[in-house]
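The file entry.cif comes next; it holds mmCIF, C-alpha atoms.
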```cif
data_query
#
loop_
_atom_site.label_atom_id
_atom_site.label_comp_id
_atom_site.auth_asym_id
_atom_site.auth_seq_id
_atom_site.Cartn_x
_atom_site.Cartn_y
_atom_site.Cartn_z
CA MET A 22 16.42 10.22 -10.03
CA THR A 23 15.29 13.72 -9.02
CA ALA A 24 11.61 14.17 -8.21
CA LEU A 25 9.56 16.44 -10.44
CA LEU A 26 8.16 18.49 -7.57
CA GLU A 27 8.64 18.59 -3.79
CA VAL A 28 6.46 20.67 -1.48
CA ALA A 29 7.11 21.23 2.24
CA TRP A 30 4.28 22.61 4.41
CA THR A 31 4.13 23.87 7.99
CA ASP A 32 0.83 23.71 9.85
CA PRO A 33 0.09 27.22 11.16
CA VAL A 34 -1.68 25.86 14.26
CA THR A 35 0.43 22.93 15.54
CA GLY A 36 3.68 23.67 13.74
CA CYS A 37 3.91 20.12 12.39
CA ARG A 38 5.40 19.53 8.96
CA GLY A 39 3.85 17.96 5.90
CA TYR A 40 5.20 17.02 2.50
CA LEU A 41 4.07 16.21 -1.02
CA VAL A 42 6.40 14.70 -3.61
CA ILE A 43 5.42 14.23 -7.24
CA ASP A 44 7.99 11.84 -8.66
CA ARG A 45 6.61 11.67 -12.21
CA LEU A 46 3.55 12.67 -14.22
CA VAL A 47 1.97 10.57 -16.95
CA ARG A 48 -0.66 12.35 -19.04
CA GLY A 49 -0.32 15.17 -16.49
CA VAL A 50 -1.38 13.13 -13.43
CA ALA A 51 0.33 11.32 -10.54
CA SER A 52 -1.08 8.79 -8.07
CA GLY A 53 -0.14 8.07 -4.46
CA GLY A 54 -1.62 7.99 -0.98
CA LEU A 55 -1.41 10.30 2.02
CA ARG A 56 0.04 9.00 5.28
CA MET A 57 0.21 10.45 8.77
CA ARG A 58 2.67 9.32 11.41
CA ARG A 59 4.94 10.94 13.93
CA GLY A 60 8.42 11.17 12.44
CA CYS A 61 7.36 11.19 8.79
CA SER A 62 10.10 12.97 6.79
CA LEU A 63 10.67 14.37 3.34
CA PHE A 64 13.21 11.59 2.73
CA GLU A 65 10.54 9.00 3.50
CA VAL A 66 7.92 10.65 1.28
CA ARG A 67 10.42 10.98 -1.54
CA GLY A 68 11.11 7.24 -1.42
CA LEU A 69 7.42 6.43 -1.27
CA ALA A 70 6.71 8.62 -4.30
CA ARG A 71 9.37 6.83 -6.30
CA GLY A 72 7.87 3.54 -5.22
CA MET A 73 4.50 4.68 -6.56
CA THR A 74 6.04 5.40 -9.95
CA LEU A 75 7.48 1.89 -10.01
CA LYS A 76 4.20 0.39 -8.81
CA GLU A 77 2.26 2.14 -11.56
CA GLY A 78 4.77 1.04 -14.17
CA LEU A 79 4.55 -2.63 -13.18
CA ASN A 80 0.88 -2.86 -14.04
CA TYR A 81 1.00 -1.35 -17.52
CA ASP A 82 -1.15 -3.29 -19.96
CA PRO A 83 -1.20 -1.70 -23.44
CA ALA A 84 -4.51 -3.46 -24.11
CA GLY A 85 -6.18 -2.21 -20.93
CA ARG A 86 -8.37 0.85 -20.47
CA TYR A 87 -6.31 1.92 -17.46
CA VAL A 88 -3.05 3.53 -18.44
CA PRO A 89 -0.74 3.84 -15.40
CA LEU A 90 -0.23 7.32 -14.00
CA GLY A 91 2.88 8.89 -12.53
CA GLY A 92 3.90 8.40 -8.91
CA ALA A 93 3.41 10.73 -5.94
CA LYS A 94 3.05 10.61 -2.15
CA GLY A 95 1.96 12.84 0.68
CA GLY A 96 3.03 12.65 4.30
CA ILE A 97 2.29 14.49 7.54
CA ASP A 98 4.56 14.33 10.58
CA PHE A 99 1.85 14.11 13.25
CA ASP A 100 0.36 11.53 15.59
CA PRO A 101 -2.85 10.13 13.99
CA TYR A 102 -4.17 9.30 17.46
CA ASP A 103 -4.05 12.97 18.50
CA GLU A 104 -7.52 14.53 18.77
CA ARG A 105 -6.31 17.37 16.53
CA ALA A 106 -5.28 15.02 13.70
CA ARG A 107 -8.37 15.51 11.55
CA ASP A 108 -8.00 19.29 11.65
CA VAL A 109 -4.36 18.96 10.65
CA VAL A 110 -5.37 16.80 7.67
CA ALA A 111 -7.95 19.41 6.67
CA ARG A 112 -5.42 22.25 6.70
CA TYR A 113 -2.87 20.15 4.79
CA LEU A 114 -5.33 19.17 2.07
CA ASP A 115 -6.60 22.74 1.75
CA ALA A 116 -3.02 23.93 1.28
CA MET A 117 -2.49 21.28 -1.43
CA ARG A 118 -5.77 22.17 -3.16
CA PRO A 119 -4.26 23.37 -6.49
CA LEU A 120 -2.25 20.16 -6.85
CA ILE A 121 -5.21 17.95 -5.90
CA GLU A 122 -7.37 19.68 -8.47
CA ARG A 123 -4.89 19.29 -11.33
CA TYR A 124 -2.15 16.75 -10.66
CA TRP A 125 -2.32 14.57 -7.53
CA THR A 126 -4.77 11.71 -6.91
CA MET A 127 -4.62 10.12 -3.47
CA GLY A 128 -6.09 7.53 -1.15
CA GLU A 129 -5.52 6.31 2.38
CA ASP A 130 -2.15 5.23 3.69
CA LEU A 131 -0.57 4.56 7.06
CA GLY A 132 -2.40 6.43 9.83
CA LEU A 133 -5.30 7.63 7.70
CA ARG A 134 -8.57 6.06 6.59
CA GLN A 135 -10.26 6.74 3.28
CA ASP A 136 -13.47 7.95 4.92
CA VAL A 137 -11.51 10.66 6.76
CA ILE A 138 -9.88 11.87 3.54
CA ASP A 139 -13.18 11.82 1.65
CA GLY A 140 -14.98 13.67 4.44
CA VAL A 141 -12.36 16.39 4.71
CA LEU A 142 -12.21 16.93 0.95
CA ALA A 143 -15.99 17.34 0.83
CA GLU A 144 -15.88 19.86 3.67
CA ILE A 145 -13.28 22.03 1.95
CA GLY A 146 -15.13 21.94 -1.35
CA LEU A 147 -13.09 19.52 -3.44
CA LEU A 148 -14.86 16.98 -5.64
CA SER A 149 -12.89 13.82 -4.98
CA PRO A 150 -9.45 12.52 -4.01
CA VAL A 151 -9.06 11.44 -7.65
CA GLN A 152 -10.55 14.46 -9.41
CA ALA A 153 -7.27 15.21 -11.20
CA VAL A 154 -7.84 12.12 -13.33
CA TYR A 155 -11.37 13.12 -14.40
CA PRO A 156 -10.23 14.76 -17.69
CA LEU A 157 -8.77 11.41 -18.75
CA LEU A 158 -12.06 9.52 -18.41
CA GLU A 159 -14.19 8.77 -21.46
CA ASP A 160 -17.44 8.68 -19.48
CA ARG A 161 -16.88 10.54 -16.24
CA GLU A 162 -20.32 9.99 -14.72
CA ALA A 163 -20.28 6.25 -15.37
CA ALA A 164 -16.74 5.93 -14.03
CA ILE A 165 -17.51 7.82 -10.83
CA ALA A 166 -20.67 5.78 -10.28
CA ARG A 167 -18.77 2.53 -10.86
CA LEU A 168 -16.06 3.42 -8.32
CA ALA A 169 -18.61 4.64 -5.78
CA GLY A 170 -20.53 1.40 -6.20
CA ALA A 171 -17.37 -0.62 -5.66
CA PHE A 172 -16.61 1.28 -2.45
CA ARG A 173 -20.05 0.36 -1.10
CA ILE A 174 -19.36 -3.37 -1.43
CA GLU A 175 -18.55 -5.33 1.71
CA VAL A 176 -17.48 -8.97 1.99
CA GLY A 177 -17.51 -10.51 5.44
CA GLY A 178 -17.76 -7.12 7.13
CA LEU A 179 -14.79 -5.55 5.30
CA GLY A 180 -14.94 -3.13 2.40
CA LEU A 181 -13.85 -4.24 -1.03
CA ASP A 182 -11.37 -1.35 -1.17
CA GLU A 183 -9.64 -2.78 1.90
CA LEU A 184 -9.78 -6.39 0.78
CA VAL A 185 -8.15 -6.07 -2.64
CA GLY A 186 -4.84 -4.90 -1.20
CA GLY A 187 -4.64 -7.75 1.29
CA LEU A 188 -5.66 -10.25 -1.37
CA GLY A 189 -2.80 -9.01 -3.53
CA VAL A 190 -0.28 -9.52 -0.74
CA ALA A 191 -1.70 -12.94 0.08
CA GLN A 192 -1.56 -14.00 -3.57
CA ALA A 193 2.01 -12.74 -3.82
CA THR A 194 2.84 -14.88 -0.77
CA LEU A 195 1.18 -18.01 -2.08
CA THR A 196 2.74 -17.64 -5.53
CA GLY A 197 6.15 -16.99 -3.97
CA LEU A 198 5.99 -20.12 -1.82
CA GLU A 199 4.99 -22.16 -4.85
CA LEU A 200 7.88 -20.79 -6.93
CA LEU A 201 10.29 -21.51 -4.08
CA ASN A 202 9.04 -25.11 -4.11
CA HIS A 203 8.41 -24.85 -0.40
CA THR A 204 6.85 -28.08 0.86
CA GLY A 205 7.34 -27.85 4.63
CA PRO A 206 5.24 -26.04 7.24
CA ARG A 207 3.46 -22.91 6.02
CA ARG A 208 2.85 -20.38 8.76
CA ALA A 209 2.68 -16.58 8.60
CA MET A 210 3.51 -13.73 10.95
CA VAL A 211 1.82 -10.45 9.99
CA GLN A 212 3.23 -7.28 11.53
CA GLY A 213 0.42 -4.71 11.58
CA PHE A 214 -3.32 -5.40 11.62
CA GLY A 215 -4.73 -2.34 9.87
CA SER A 216 -6.30 -2.27 6.42
CA MET A 217 -3.50 -4.11 4.65
CA GLY A 218 -2.41 -6.43 7.44
CA GLY A 219 -5.90 -7.45 8.48
CA ALA A 220 -7.04 -8.27 4.95
CA THR A 221 -3.78 -10.11 4.21
CA ALA A 222 -4.25 -12.24 7.32
CA ARG A 223 -7.83 -13.09 6.29
CA PHE A 224 -6.86 -14.31 2.83
CA LEU A 225 -3.83 -16.25 4.03
CA ALA A 226 -5.97 -18.04 6.61
CA GLU A 227 -8.66 -18.73 4.02
CA ALA A 228 -6.00 -20.29 1.77
CA GLY A 229 -5.03 -22.68 4.55
CA LEU A 230 -1.86 -20.90 5.61
CA PRO A 231 -2.15 -20.46 9.40
CA VAL A 232 -1.49 -16.97 10.70
CA VAL A 233 0.39 -17.70 13.94
CA GLY A 234 1.04 -14.10 14.94
CA VAL A 235 -0.18 -10.56 14.32
CA SER A 236 0.96 -7.34 15.92
CA ASP A 237 -0.47 -3.91 16.65
CA VAL A 238 0.89 -0.87 18.48
CA ARG A 239 0.45 -2.60 21.85
CA GLY A 240 2.26 -5.83 21.08
CA VAL A 241 1.92 -9.26 19.50
CA VAL A 242 -0.96 -11.73 19.61
CA ALA A 243 0.36 -15.23 18.87
CA ASN A 244 -0.96 -18.75 18.68
CA PRO A 245 1.22 -21.60 17.38
CA GLY A 246 -1.89 -23.45 16.25
CA GLY A 247 -3.12 -20.52 14.20
CA LEU A 248 -5.10 -17.44 15.20
CA ASP A 249 -8.82 -17.02 14.64
CA VAL A 250 -8.33 -14.13 12.23
CA GLU A 251 -12.04 -13.42 11.83
CA ASN A 252 -12.43 -13.07 15.59
CA LEU A 253 -9.57 -10.59 15.72
CA LEU A 254 -11.02 -8.61 12.81
CA ARG A 255 -14.35 -8.33 14.60
CA HIS A 256 -12.58 -6.80 17.59
CA ARG A 257 -10.25 -4.37 15.81
CA ASP A 258 -10.41 -0.58 16.00
CA ARG A 259 -9.99 1.77 13.04
CA PHE A 260 -6.21 1.96 13.58
CA GLY A 261 -5.77 -1.82 13.61
CA GLY A 262 -5.67 -2.17 17.39
CA ILE A 263 -6.92 -5.50 18.76
CA ASP A 264 -9.20 -5.64 21.81
CA ARG A 265 -7.38 -7.87 24.28
CA ASP A 266 -10.65 -8.73 26.00
CA HIS A 267 -11.76 -10.84 23.02
CA LEU A 268 -8.81 -13.14 22.35
CA GLY A 269 -9.38 -16.78 21.47
CA PRO A 270 -8.35 -19.99 23.25
CA GLY A 271 -4.60 -20.51 23.08
CA ASP A 272 -3.84 -16.91 22.11
CA GLU A 273 -0.92 -15.42 23.99
CA LEU A 274 0.34 -11.86 24.38
CA LEU A 275 3.93 -10.92 23.63
CA PRO A 276 5.70 -7.54 23.84
CA PRO A 277 5.90 -5.33 20.72
CA GLU A 278 9.53 -6.20 19.98
CA ALA A 279 8.72 -9.94 19.86
CA TRP A 280 7.18 -9.79 16.38
CA LEU A 281 10.40 -11.16 14.88
CA ASP A 282 10.55 -13.98 17.43
CA VAL A 283 7.37 -15.78 16.32
CA PRO A 284 8.37 -18.92 14.33
CA ALA A 285 6.90 -18.68 10.83
CA GLU A 286 7.87 -19.50 7.26
CA VAL A 287 6.42 -16.23 5.93
CA LEU A 288 6.99 -12.78 7.40
CA VAL A 289 4.65 -10.01 6.24
CA PRO A 290 5.66 -6.55 7.53
CA ALA A 291 2.42 -4.61 6.99
CA ALA A 292 2.77 -1.58 9.24
CA ILE A 293 5.61 0.93 9.21
CA SER A 294 8.63 1.77 7.09
CA TYR A 295 12.19 0.79 8.04
CA CYS A 296 11.12 -1.75 10.68
CA VAL A 297 13.58 -4.43 9.48
CA ASP A 298 17.16 -3.19 9.59
CA ALA A 299 20.68 -4.59 9.47
CA ASP A 300 20.59 -5.51 13.14
CA ASN A 301 17.19 -7.13 13.70
CA GLN A 302 17.13 -8.99 10.35
CA ALA A 303 19.30 -11.63 12.02
CA LYS A 304 16.25 -12.74 14.00
CA ILE A 305 14.29 -13.62 10.85
CA GLY A 306 14.09 -17.33 10.14
CA ALA A 307 11.34 -17.16 7.52
CA LYS A 308 11.69 -18.63 4.05
CA LEU A 309 10.05 -15.59 2.44
CA VAL A 310 9.49 -11.94 3.36
CA VAL A 311 6.62 -10.15 1.63
CA GLU A 312 6.51 -6.37 1.97
CA ALA A 313 2.89 -5.35 2.51
CA ALA A 314 3.92 -2.01 4.01
CA ASN A 315 5.87 0.59 2.06
CA MET A 316 9.65 0.34 2.52
CA PRO A 317 9.61 -1.86 5.65
CA VAL A 318 12.98 -3.51 4.92
CA THR A 319 16.06 -1.31 4.63
CA ALA A 320 18.40 -1.84 1.69
CA ASP A 321 21.25 -3.17 3.82
CA ALA A 322 18.89 -5.55 5.62
CA GLU A 323 17.61 -6.86 2.30
CA GLU A 324 21.17 -7.59 1.17
CA LEU A 325 21.88 -9.48 4.38
CA LEU A 326 18.64 -11.47 4.06
CA ALA A 327 19.56 -12.36 0.46
CA ALA A 328 22.96 -13.59 1.64
CA ARG A 329 21.10 -15.92 4.02
CA GLY A 330 18.87 -17.18 1.20
CA ILE A 331 15.72 -15.31 2.27
CA PRO A 332 14.09 -13.53 -0.69
CA VAL A 333 12.08 -10.33 -0.22
CA VAL A 334 9.09 -9.61 -2.45
CA PRO A 335 9.37 -5.80 -2.71
CA ASP A 336 6.59 -3.48 -1.67
CA PHE A 337 5.90 -2.01 -5.09
CA VAL A 338 5.11 -5.54 -6.27
CA ALA A 339 3.36 -7.08 -3.27
CA ASN A 340 1.08 -4.20 -2.29
CA SER A 341 0.30 -2.88 -5.77
CA ALA A 342 -3.20 -4.35 -6.02
CA THR A 343 -4.94 -1.59 -4.03
CA ASN A 344 -3.66 1.12 -6.31
CA SER A 345 -4.35 -0.84 -9.49
CA TRP A 346 -7.87 -1.83 -8.38
CA TRP A 347 -8.85 1.83 -8.00
CA TRP A 348 -7.85 2.53 -11.58
CA TRP A 349 -9.07 -0.76 -13.06
CA THR A 350 -12.47 0.10 -11.60
CA LEU A 351 -12.52 3.78 -12.49
CA PHE A 352 -11.39 3.21 -16.09
CA GLY A 353 -13.63 0.17 -16.55
CA ASP A 354 -11.28 -2.81 -16.70
CA VAL A 355 -13.34 -4.34 -13.87
CA GLY A 356 -16.84 -3.58 -12.67
CA ALA A 357 -18.21 -2.83 -9.21
CA ASP A 358 -18.18 -6.51 -8.34
CA ALA A 359 -16.18 -8.39 -5.70
CA VAL A 360 -15.90 -11.65 -7.64
CA GLU A 361 -14.62 -9.84 -10.72
CA ALA A 362 -12.19 -7.74 -8.68
CA PHE A 363 -10.84 -10.75 -6.77
CA ALA A 364 -10.29 -12.70 -9.99
CA LYS A 365 -8.44 -9.77 -11.56
CA VAL A 366 -6.22 -9.29 -8.50
CA ARG A 367 -5.39 -13.00 -8.16
CA GLY A 368 -4.59 -13.37 -11.83
CA ARG A 369 -2.53 -10.22 -12.12
CA MET A 370 -0.54 -10.81 -8.93
CA SER A 371 0.24 -14.41 -9.90
CA GLU A 372 1.52 -13.24 -13.29
CA LEU A 373 3.50 -10.37 -11.81
CA VAL A 374 5.21 -12.34 -9.04
CA THR A 375 6.00 -15.20 -11.42
CA ALA A 376 7.59 -12.75 -13.88
CA VAL A 377 9.69 -11.22 -11.10
CA PHE A 378 10.89 -14.60 -9.78
CA GLU A 379 11.71 -15.79 -13.29
CA GLY A 380 13.56 -12.56 -14.08
CA ALA A 381 15.63 -12.89 -10.91
CA ALA A 382 16.46 -16.53 -11.63
CA LEU A 383 17.50 -15.70 -15.18
CA ASP A 384 20.45 -13.54 -14.15
CA GLY A 385 20.88 -14.38 -10.47
CA SER A 386 19.66 -11.00 -9.25
CA SER A 387 17.36 -10.11 -6.38
CA LEU A 388 13.59 -9.97 -6.73
CA ARG A 389 13.80 -6.20 -6.30
CA ALA A 390 16.29 -5.83 -9.13
CA ALA A 391 14.13 -7.97 -11.40
CA ALA A 392 11.01 -5.97 -10.51
CA LEU A 393 12.85 -2.70 -11.12
CA ARG A 394 13.86 -3.85 -14.59
CA LEU A 395 10.30 -4.87 -15.41
CA SER A 396 8.86 -1.59 -14.17
CA GLU A 397 11.47 0.52 -15.95
CA ARG A 398 10.82 -1.26 -19.26
CA ASN A 399 7.13 -0.50 -18.89
CA LEU A 400 7.84 3.11 -17.91
CA GLU A 401 9.90 3.53 -21.06
CA ALA A 402 6.98 2.20 -23.12
CA ILE A 403 4.58 4.54 -21.32
CA GLN A 404 6.86 7.51 -21.87
CA ALA A 405 7.25 6.69 -25.55
CA ARG A 406 3.48 6.58 -25.91
CA TYR A 407 2.39 9.46 -23.68
CA GLY A 408 5.44 11.64 -23.01
CA GLU A 409 6.61 13.08 -19.71
CA GLY A 410 3.43 14.98 -18.82
CA THR A 411 3.18 18.52 -17.52
CA ASN A 412 5.43 19.99 -14.85
CA PRO A 413 3.24 21.52 -12.10
CA ALA A 414 6.15 23.72 -10.99
CA ALA A 415 5.89 25.56 -14.30
CA LYS A 416 2.26 26.56 -13.75
#
```
Step by step, read the file and then write its structure as structure tokens.
Amino acid sequence: MTALLEVAWTDPVTGCRGYLVIDRLVRGVASGGLRMRRGCSLFEVRGLARGMTLKEGLNYDPAGRYVPLGGAKGGIDFDPYDERARDVVARYLDAMRPLIERYWTMGEDLGLRQDVIDGVLAEIGLLSPVQAVYPLLEDREAAIARLAGAFRIEVGGLGLDELVGGLGVAQATLTGLELLNHTGPRRAMVQGFGSMGGATARFLAEAGLPVVGVSDVRGVVANPGGLDVENLLRHRDRFGGIDRDHLGPGDELLPPEAWLDVPAEVLVPAAISYCVDADNQAKIGAKLVVEAANMPVTADAEELLAARGIPVVPDFVANSATNSWWWWTLFGDVGADAVEAFAKVRGRMSELVTAVFEGAALDGSSLRAAALRLSERNLEAIQARYGEGTNPAAK
């Protein structure tokens, strides 16, 4: 399917490239985060934007206040650790100003934190990363206040906005193991310890599923008896890097490439795209792979895993809770309350993963194929109710 709009940008100072893809508009608006990483390409952003459309479609509830939006994604090919990164983000967002004002709502993604995006937008005179959706709100002031209140909530030192995504992945994992009737050991390896990976690890550990390995850019921290996730979270930098001076008893350090060598029943790739390919998938001995990152498993690798009896919960299912929580809160389906948000995420993710597993079992297809069918049915219902939206290229 051809995207509705693709924009390529060149930074006049560093020469780096940036992209924005709007895959689809619903009621004139599209939703999707902004990522920054060296090597980010238009092909990658295009796939991510399509994934956002599918993610939005999955969570359509005709009785809810939140009506899913279209899908979009932004990406910048630049090193987020570079001291010039914030200035690059500022120039990119300023260049995309007309689309942010009218069509594109965004949040943090790989390599970028929400506070950086919010700070830059304020400096360049934009109202909010979600201001394009303001015309769709019944009570704009109340909605903005509710979302701002939710972003101020912390639980155990982590923001609610960070926790809901990891809770969604953890719930997808727990539901998946239950539906697989897995009764043996339950251990998890989480690749990536940023916003999504760190929160996922917390909720898995809280549920009694030992996290025996996590990785960051420097390598793997492993412990066959289970890591002290809270200790690692206390000594994590804003990019998900773990301070090696504060490891716990029994923790061991492994090289970066060893993340697939840690014995575990659950593998959660929560960092970069395309990290599991046709070659390295052979190392995976897990019973279940849950995609917390966007597009971490290549299509050919997923086919090979399926042939070995290892199901993959696709990204647009497993990591959809962050996106949905923003809109549930803004539109008023949940309040600025952690207990209410957690209950909504757990309930919705259990229902969604169960529906996907049951759909796959019904016709012998993959979980991805079943999730695609579910999303596409919902997208058809959304289109019938709200139409295609407005094409920004025509303005």
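When only C-alpha atoms are used to measure the gap to A:Arg71, the shortest distance among A:Pro270, A:Gly85, A:Gly49, A:Gly95 belongs to A:Gly95.
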Using only C-alpha atoms, determine which residues lie at most 7 Å from stretch 356-360 of chain A, disregarding the query and same-chain residues fewer than 6 positions distant; provide the list as a list in words. Arg167, Leu168, Gly170, Ala171, Leu181 and Thr350 of chain A
With a distance cut-off of 9 Å and all atoms listed in the file, select the neighbouring residues of stretch 125-136 of chain A, excluding the residue or stretch itself and same-chain residues fewer than 3 positions from it, and output the selection as a PyMOL selection string. chain A and resi 43+50-58+92-95+100-102+120-122+139-141+149-154+215-216+259-260+292-293+314+344
Compile the contact shell of A:Val66 as a PDB file with C-alpha atoms, keeping the file's coordinate frame: residues with an atom at most 8 Å away, counting all atoms listed in the file, same-chain residues fewer than 4 positions apart removed.
```pdb
ATOM      1  CA  TYR A  40       5.200  17.020   2.500  1.00  0.00           C
ATOM      2  CA  LEU A  41       4.070  16.210  -1.020  1.00  0.00           C
ATOM      3  CA  VAL A  42       6.400  14.700  -3.610  1.00  0.00           C
ATOM      4  CA  CYS A  61       7.360  11.190   8.790  1.00  0.00           C
ATOM      5  CA  SER A  62      10.100  12.970   6.790  1.00  0.00           C
ATOM      6  CA  ALA A  70       6.710   8.620  -4.300  1.00  0.00           C
ATOM      7  CA  LYS A  94       3.050  10.610  -2.150  1.00  0.00           C
ATOM      8  CA  GLY A  95       1.960  12.840   0.680  1.00  0.00           C
ATOM      9  CA  GLY A  96       3.030  12.650   4.300  1.00  0.00           C
TER      10      GLY A  96
END
```
Excluding A:Val297 and any residue of its chain fewer than 5 positions from it, enumerate the residues within 12 Å of it, using only C-alpha atoms, and give them as JSON, numbers by chain. {"A": [212, 278, 280, 281, 288, 289, 290, 291, 292, 302, 303, 304, 305, 310, 311, 312, 314, 315, 316, 317, 318, 319, 320, 321, 322, 323, 324, 325, 326, 333]}
Report as JSON lines: every residue of stretch 178-223 of chain A with an atom at most 7 Å from stretch 373-395 of chain A, its closest pair of atoms, and their distance in Å to one decimal, counting all atoms listed in the file, with rows sorted by chain and ascending residue number.
```
{"residue": "A:Ala193", "atom": "CA", "partner": "A:Val374", "partner_atom": "CA", "distance": 6.1}
{"residue": "A:Thr196", "atom": "CA", "partner": "A:Val374", "partner_atom": "CA", "distance": 6.8}
{"residue": "A:Gly197", "atom": "CA", "partner": "A:Val374", "partner_atom": "CA", "distance": 6.9}
```
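Computed from the coordinates, the atom CA of A:Leu225 to atom CA of A:Asp282 distance equals 19.8 Å.
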Could you please fill out stretch 234-245 of chain A with N, CA, C and O atoms and send it back as a JSON list (two decimals), in the coordinates of the input?
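And here is the file that came out, rebuild.json:
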```
[["chain", "number", "residue", "atom", "x", "y", "z"],
["A", 234, "GLY", "N", 0.79, -15.31, 14.17],
["A", 234, "GLY", "CA", 1.04, -14.10, 14.94],
["A", 234, "GLY", "C", 0.64, -12.87, 14.16],
["A", 234, "GLY", "O", 0.80, -12.82, 12.93],
["A", 235, "VAL", "N", 0.07, -11.89, 14.87],
["A", 235, "VAL", "CA", -0.18, -10.56, 14.32],
["A", 235, "VAL", "C", 0.24, -9.56, 15.39],
["A", 235, "VAL", "O", 0.25, -9.86, 16.58],
["A", 236, "SER", "N", 0.57, -8.36, 14.95],
["A", 236, "SER", "CA", 0.96, -7.34, 15.92],
["A", 236, "SER", "C", 0.21, -6.05, 15.68],
["A", 236, "SER", "O", -0.24, -5.77, 14.56],
["A", 237, "ASP", "N", 0.06, -5.27, 16.75],
["A", 237, "ASP", "CA", -0.47, -3.91, 16.65],
["A", 237, "ASP", "C", 0.43, -3.02, 17.49],
["A", 237, "ASP", "O", 1.52, -3.44, 17.91],
["A", 238, "VAL", "N", 0.02, -1.80, 17.76],
["A", 238, "VAL", "CA", 0.89, -0.87, 18.48],
["A", 238, "VAL", "C", 1.16, -1.31, 19.91],
["A", 238, "VAL", "O", 2.13, -0.90, 20.53],
["A", 239, "ARG", "N", 0.30, -2.18, 20.45],
["A", 239, "ARG", "CA", 0.45, -2.60, 21.85],
["A", 239, "ARG", "C", 1.27, -3.87, 22.02],
["A", 239, "ARG", "O", 1.69, -4.19, 23.13],
["A", 240, "GLY", "N", 1.48, -4.61, 20.96],
["A", 240, "GLY", "CA", 2.26, -5.83, 21.08],
["A", 240, "GLY", "C", 1.84, -6.88, 20.09],
["A", 240, "GLY", "O", 1.23, -6.59, 19.05],
["A", 241, "VAL", "N", 2.15, -8.13, 20.40],
["A", 241, "VAL", "CA", 1.92, -9.26, 19.50],
["A", 241, "VAL", "C", 0.88, -10.20, 20.10],
["A", 241, "VAL", "O", 0.91, -10.48, 21.30],
["A", 242, "VAL", "N", -0.04, -10.66, 19.24],
["A", 242, "VAL", "CA", -0.96, -11.73, 19.61],
["A", 242, "VAL", "C", -0.52, -12.96, 18.83],
["A", 242, "VAL", "O", -0.47, -12.91, 17.59],
["A", 243, "ALA", "N", -0.18, -14.04, 19.53],
["A", 243, "ALA", "CA", 0.36, -15.23, 18.87],
["A", 243, "ALA", "C", -0.38, -16.48, 19.30],
["A", 243, "ALA", "O", -0.92, -16.56, 20.40],
["A", 244, "ASN", "N", -0.39, -17.44, 18.39],
["A", 244, "ASN", "CA", -0.96, -18.75, 18.68],
["A", 244, "ASN", "C", -0.30, -19.75, 17.75],
["A", 244, "ASN", "O", -0.52, -19.68, 16.53],
["A", 245, "PRO", "N", 0.51, -20.66, 18.26],
["A", 245, "PRO", "CA", 1.22, -21.60, 17.38],
["A", 245, "PRO", "C", 0.31, -22.50, 16.58],
["A", 245, "PRO", "O", 0.71, -23.04, 15.54]]
```
